[in-house]
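One structure is given below, encoded as structure tokens.
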Amino acid sequence: MKKRKILLIVFIILSIGLLMVYSSSHIWAQYKENDSFYYFKRQAIFVIVGLLLLFFFSKIDYHLYQKHSLKIIILATILLVLVLIPGVGIVRGGSRSWFNLGLFALQPSEIYKIALIIYVSDYISHHYHQMKKLRYCLKPLIVMGIGFFLIMLQPDFGTGVIIVMSIIGLLFIAGVDLKFFMGLGAIGALGVVGLILVAPYRLQRILSFLNPWSDPLGSGFQIIQSLYAIGPGGLFGYGFLNSRQKHFYLPEPQTDFIFSIISEEFGFMGVVIVVSLFLIIIIRGFRIARNTNDKFSKYLAFGIIFELAFQAILNLMVVVGLIPVTGVTLPFLSYGGSSLLITLCGMGIVLNISRYQR
């Protein structure tokens with residue numbers, strides 16, 4: 001029964017996502033591709049393939065991932081290295097983060113996110129009673145650091161933040177001492193300073209976040225246009241297809257800022273519905289993780305749901321102007337193949353774990 005409820009919620013939020021991809025993109029698609037349904041048709045294909053992957057992974061025994069966790073993380077790391085090679089990886093939006101597979105582009109960092117969760121979950125399950133000792137935390141942190149470094153070379157700061165937060169969440173669940181997290185926070189603050197020194201444009205993003213109107217046509221443009229979409233939505237919004245900001249004000253609103261268009265067209269009630277759907281998926285995912293029979297499946301389910309939750313929270317905080325723009329998509333809703341497919345694969349794994357609940 002729990003499995004059916006999660007499937008129903010996922011199907012509902014995917015349907016909303018399809019409608020909003022069309023609504024937010026049809027003006028831009030007509031102008032750029034001479035086909036107002038261009039992004040809708042591609043997203044529909046991703047949804048169908050993603051649902052097939054969800055059902056496929058829901059049938060695979062999760063113990064198989066534990067058995068091959070080392071091979072999975074090595075393969076995912078190799079993909080992160082290959083995508084950095086000119087001629088192998090392609091550049092989009094200033095980041096060399098994709099493989100061109102013809103019909104669509106694959107983002108290996110999405111694969112790495114779930115591969116890292118599998119590896120760390122396996123590691124913690126074997127060292128559960130030693131995780132309070134610092135030396136037992138170093139190995140998963142080193143593996144995470146290697147992946148974070150390779151992802152930052154692309155660069156893709158948003159994805160890097162998600163993998164760090166997901167692994168910290170797993171370590172917290174494993175019972176690591178809180179003092180350890182305070183130390184990680186200090187290291188993280190120094191790391192942010194270092195990233196700003198290496199790439200000064202990040203400081204510009206932070207300053208534009210604090211006061212986007214200081215550069216309204218430059219670094220603050222996206223946040224300002226997003227707020228212009230969210231503000232006038234009121235209680236019920238302008239109605240489906242009636243957004244104003246998608247008329248070439250908010251750049252490519254079908255991706256990172258699709259939530260802004262949802263707020264503009266459906267108002268506060270639309271926001272409540274979407275956020276509620278995410279909360280239901282997250283809460284039920286945590287219940288599945290809590291009720292599993294073994295440590296590996298517990299941490300694997302927690303990790304996948306942590307990743308989903310942190311990515312959704314990060315995106316929502318960006319579109320309402322609480323944090324600088326990170327380039328992170330909204331799971332299930334934003335246009336994009338790699339993120340959607342890997343998210344649905346992760347949900348398939350969680351559903352498979354639910355079959356073995358107490």
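Following the order of the structure tokens, first chain is A, next is B, and so on, with residues numbered from 1 inside each chain and ligands from 1 in the order they appear.
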
>> I need the residues of region 60-275 of chain A that end up classed as helix (DSSP H, G or I) by DSSP on the backbone, written out as a ChimeraX atom specification.
In response: /A:63-67,69-82,108-126,128-130,134-152,157-173,178-198,201-210,212-214,221-233,258-275

>> Can you pull out the residues contacting region 316-333 of chain A? Cut-off 8 Å, using only C-alpha atoms, and skip same-chain residues under 2 positions away; I want them as JSON, numbers by chain.
In response: {"A": [10, 13, 14, 16, 17, 18, 20, 21, 156, 157, 158, 159, 205, 206, 208, 209, 223, 226, 227, 230, 255, 256, 257, 258, 259, 260, 308, 311, 312, 313, 314, 335, 339, 340, 343]}

> Counting only C-alpha atoms, what is within 8 Å of Gly348 (chain A), bar same-chain residues fewer than 5 positions away, as a list of chain:residue names?
Replying inline: A:Leu53, A:Leu54, A:Phe55, A:Phe56, A:Phe57, A:Ser58, A:Lys59

Kindly export the residues of the current selection with all heavy atoms, as a PDB file, in the first residue's frame.
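Final output, saved to out-v2.pdb:
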ATOM      1  N   LEU A  53      12.389   3.127 -15.983  1.00  0.00           N
ATOM      2  CA  LEU A  53      13.558   2.886 -15.127  1.00  0.00           C
ATOM      3  C   LEU A  53      13.144   2.724 -13.672  1.00  0.00           C
ATOM      4  O   LEU A  53      13.708   1.900 -12.943  1.00  0.00           O
ATOM      5  CB  LEU A  53      14.551   4.041 -15.265  1.00  0.00           C
ATOM      6  CG  LEU A  53      15.323   4.126 -16.586  1.00  0.00           C
ATOM      7  CD1 LEU A  53      16.120   5.416 -16.665  1.00  0.00           C
ATOM      8  CD2 LEU A  53      16.249   2.925 -16.750  1.00  0.00           C
ATOM      9  N   LEU A  54      12.169   3.517 -13.236  1.00  0.00           N
ATOM     10  CA  LEU A  54      11.676   3.399 -11.863  1.00  0.00           C
ATOM     11  C   LEU A  54      11.164   1.985 -11.602  1.00  0.00           C
ATOM     12  O   LEU A  54      11.531   1.355 -10.593  1.00  0.00           O
ATOM     13  CB  LEU A  54      10.578   4.430 -11.615  1.00  0.00           C
ATOM     14  CG  LEU A  54       9.987   4.501 -10.197  1.00  0.00           C
ATOM     15  CD1 LEU A  54       9.519   5.918  -9.899  1.00  0.00           C
ATOM     16  CD2 LEU A  54       8.791   3.560 -10.022  1.00  0.00           C
ATOM     17  N   PHE A  55      10.323   1.466 -12.489  1.00  0.00           N
ATOM     18  CA  PHE A  55       9.784   0.116 -12.300  1.00  0.00           C
ATOM     19  C   PHE A  55      10.889  -0.934 -12.426  1.00  0.00           C
ATOM     20  O   PHE A  55      10.877  -1.940 -11.702  1.00  0.00           O
ATOM     21  CB  PHE A  55       8.675  -0.148 -13.314  1.00  0.00           C
ATOM     22  CG  PHE A  55       7.396   0.568 -13.007  1.00  0.00           C
ATOM     23  CD1 PHE A  55       6.962   1.620 -13.795  1.00  0.00           C
ATOM     24  CD2 PHE A  55       6.629   0.220 -11.903  1.00  0.00           C
ATOM     25  CE1 PHE A  55       5.790   2.294 -13.511  1.00  0.00           C
ATOM     26  CE2 PHE A  55       5.455   0.893 -11.599  1.00  0.00           C
ATOM     27  CZ  PHE A  55       5.040   1.929 -12.407  1.00  0.00           C
ATOM     28  N   PHE A  56      11.846  -0.692 -13.313  1.00  0.00           N
ATOM     29  CA  PHE A  56      12.957  -1.638 -13.484  1.00  0.00           C
ATOM     30  C   PHE A  56      13.787  -1.735 -12.206  1.00  0.00           C
ATOM     31  O   PHE A  56      14.066  -2.832 -11.709  1.00  0.00           O
ATOM     32  CB  PHE A  56      13.833  -1.195 -14.658  1.00  0.00           C
ATOM     33  CG  PHE A  56      15.069  -2.031 -14.851  1.00  0.00           C
ATOM     34  CD1 PHE A  56      14.988  -3.312 -15.397  1.00  0.00           C
ATOM     35  CD2 PHE A  56      16.312  -1.540 -14.477  1.00  0.00           C
ATOM     36  CE1 PHE A  56      16.134  -4.076 -15.575  1.00  0.00           C
ATOM     37  CE2 PHE A  56      17.458  -2.304 -14.652  1.00  0.00           C
ATOM     38  CZ  PHE A  56      17.365  -3.580 -15.197  1.00  0.00           C
ATOM     39  N   PHE A  57      14.175  -0.580 -11.652  1.00  0.00           N
ATOM     40  CA  PHE A  57      15.002  -0.582 -10.451  1.00  0.00           C
ATOM     41  C   PHE A  57      14.217  -1.017  -9.215  1.00  0.00           C
ATOM     42  O   PHE A  57      14.819  -1.482  -8.239  1.00  0.00           O
ATOM     43  CB  PHE A  57      15.636   0.792 -10.229  1.00  0.00           C
ATOM     44  CG  PHE A  57      16.857   1.034 -11.066  1.00  0.00           C
ATOM     45  CD1 PHE A  57      16.759   1.638 -12.308  1.00  0.00           C
ATOM     46  CD2 PHE A  57      18.102   0.637 -10.621  1.00  0.00           C
ATOM     47  CE1 PHE A  57      17.885   1.848 -13.091  1.00  0.00           C
ATOM     48  CE2 PHE A  57      19.244   0.835 -11.389  1.00  0.00           C
ATOM     49  CZ  PHE A  57      19.128   1.445 -12.637  1.00  0.00           C
ATOM     50  N   SER A  58      12.905  -0.866  -9.240  1.00  0.00           N
ATOM     51  CA  SER A  58      12.105  -1.329  -8.102  1.00  0.00           C
ATOM     52  C   SER A  58      12.069  -2.853  -8.030  1.00  0.00           C
ATOM     53  O   SER A  58      11.699  -3.416  -6.998  1.00  0.00           O
ATOM     54  CB  SER A  58      10.683  -0.774  -8.201  1.00  0.00           C
ATOM     55  OG  SER A  58       9.970  -1.383  -9.263  1.00  0.00           O
ATOM     56  N   LYS A  59      12.471  -3.528  -9.115  1.00  0.00           N
ATOM     57  CA  LYS A  59      12.477  -4.991  -9.146  1.00  0.00           C
ATOM     58  C   LYS A  59      13.856  -5.583  -8.853  1.00  0.00           C
ATOM     59  O   LYS A  59      13.981  -6.787  -8.619  1.00  0.00           O
ATOM     60  CB  LYS A  59      12.005  -5.489 -10.518  1.00  0.00           C
ATOM     61  CG  LYS A  59      10.613  -5.005 -10.921  1.00  0.00           C
ATOM     62  CD  LYS A  59       9.539  -5.521  -9.977  1.00  0.00           C
ATOM     63  CE  LYS A  59       8.154  -5.063 -10.422  1.00  0.00           C
ATOM     64  NZ  LYS A  59       7.092  -5.515  -9.480  1.00  0.00           N
TER      65      LYS A  59
END

>> Show me, as a list in words, the residues that have an atom within 9 Å of Ala229 (chain A) when counting only C-alpha atoms, minus same-chain residues fewer than 6 positions from it.
In response: Ser243, Arg244, Gln245, Lys246, Leu250, Ser260, Ile261, Ile262, Ser263, Glu264 and Glu265 of chain A

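The environment of Phe37 (chain A) within 12 Å, counting only C-alpha atoms and disregarding residues fewer than 6 places along the same chain, consists of Leu18, Leu19, Met20, Val21, Tyr22, Ser23, Ser24, Ser25, His26, Ile27, Trp28, Ala29, Gln30, Tyr31, Gln43 and Ala44 of chain A.
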
> Just how far from CA of Gly145 (chain A) is CA of Ile90 (chain A), in Å to one decimal?
Replying inline: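 Those two atoms sit 23.4 Å apart.
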
> For Ile45 (chain A), which residue out of A:Gly175, A:Gly233, A:Gly218, A:Gly336 is the nearest one, using only C-alpha atoms?
Replying inline: A:Gly336

> Residues at most 12 Å from Gly337 (chain A), counting only C-alpha atoms, excluding those fewer than 6 positions away in the same chain, as a VMD selection string?
Replying inline: chain A and resid 39 to 50 98 101 103 to 108 110 255 329 331 343 to 344

> So which residues touch Ser166 (chain A) within 9 Å, counting only C-alpha atoms, skipping near sequence neighbours fewer than 5 positions away, as a list in words?
Replying inline: Lys113, Ile117, Val161, Leu171, Phe302, Gly303, Ile304, Ile305, Phe306, Glu307, Leu308 and Phe310 of chain A

Pull C-alpha atoms from the residues just selected and write them as a CSV table (one decimal), in the first residue's frame.
chain,number,residue,atom,x,y,z
A,113,LYS,CA,25.5,11.5,-6.6
A,117,ILE,CA,25.4,7.3,-1.6
A,161,VAL,CA,26.8,21.2,-2.4
A,171,LEU,CA,27.1,10.7,8.8
A,302,PHE,CA,18.0,7.8,3.9
A,303,GLY,CA,20.8,9.0,1.4
A,304,ILE,CA,18.5,9.0,-1.6
A,305,ILE,CA,15.8,10.9,0.2
A,306,PHE,CA,18.3,13.3,1.7
A,307,GLU,CA,19.6,14.0,-1.8
A,308,LEU,CA,16.1,14.6,-3.1
A,310,PHE,CA,18.4,18.9,-0.3

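Nearest-residue note for Asn291 (chain A): choosing from A:Tyr119, A:Tyr38, A:Tyr238, A:Tyr356, the minimum distance belongs to A:Tyr356, counting only C-alpha atoms.
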
> Looking at only C-alpha atoms, which of A:Leu138, A:Met131, A:Ile73, A:Ala174 is the one that sits closest to Tyr112 (chain A)?
Replying inline: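 The closest residue to Tyr112 (chain A) is A:Ile73.
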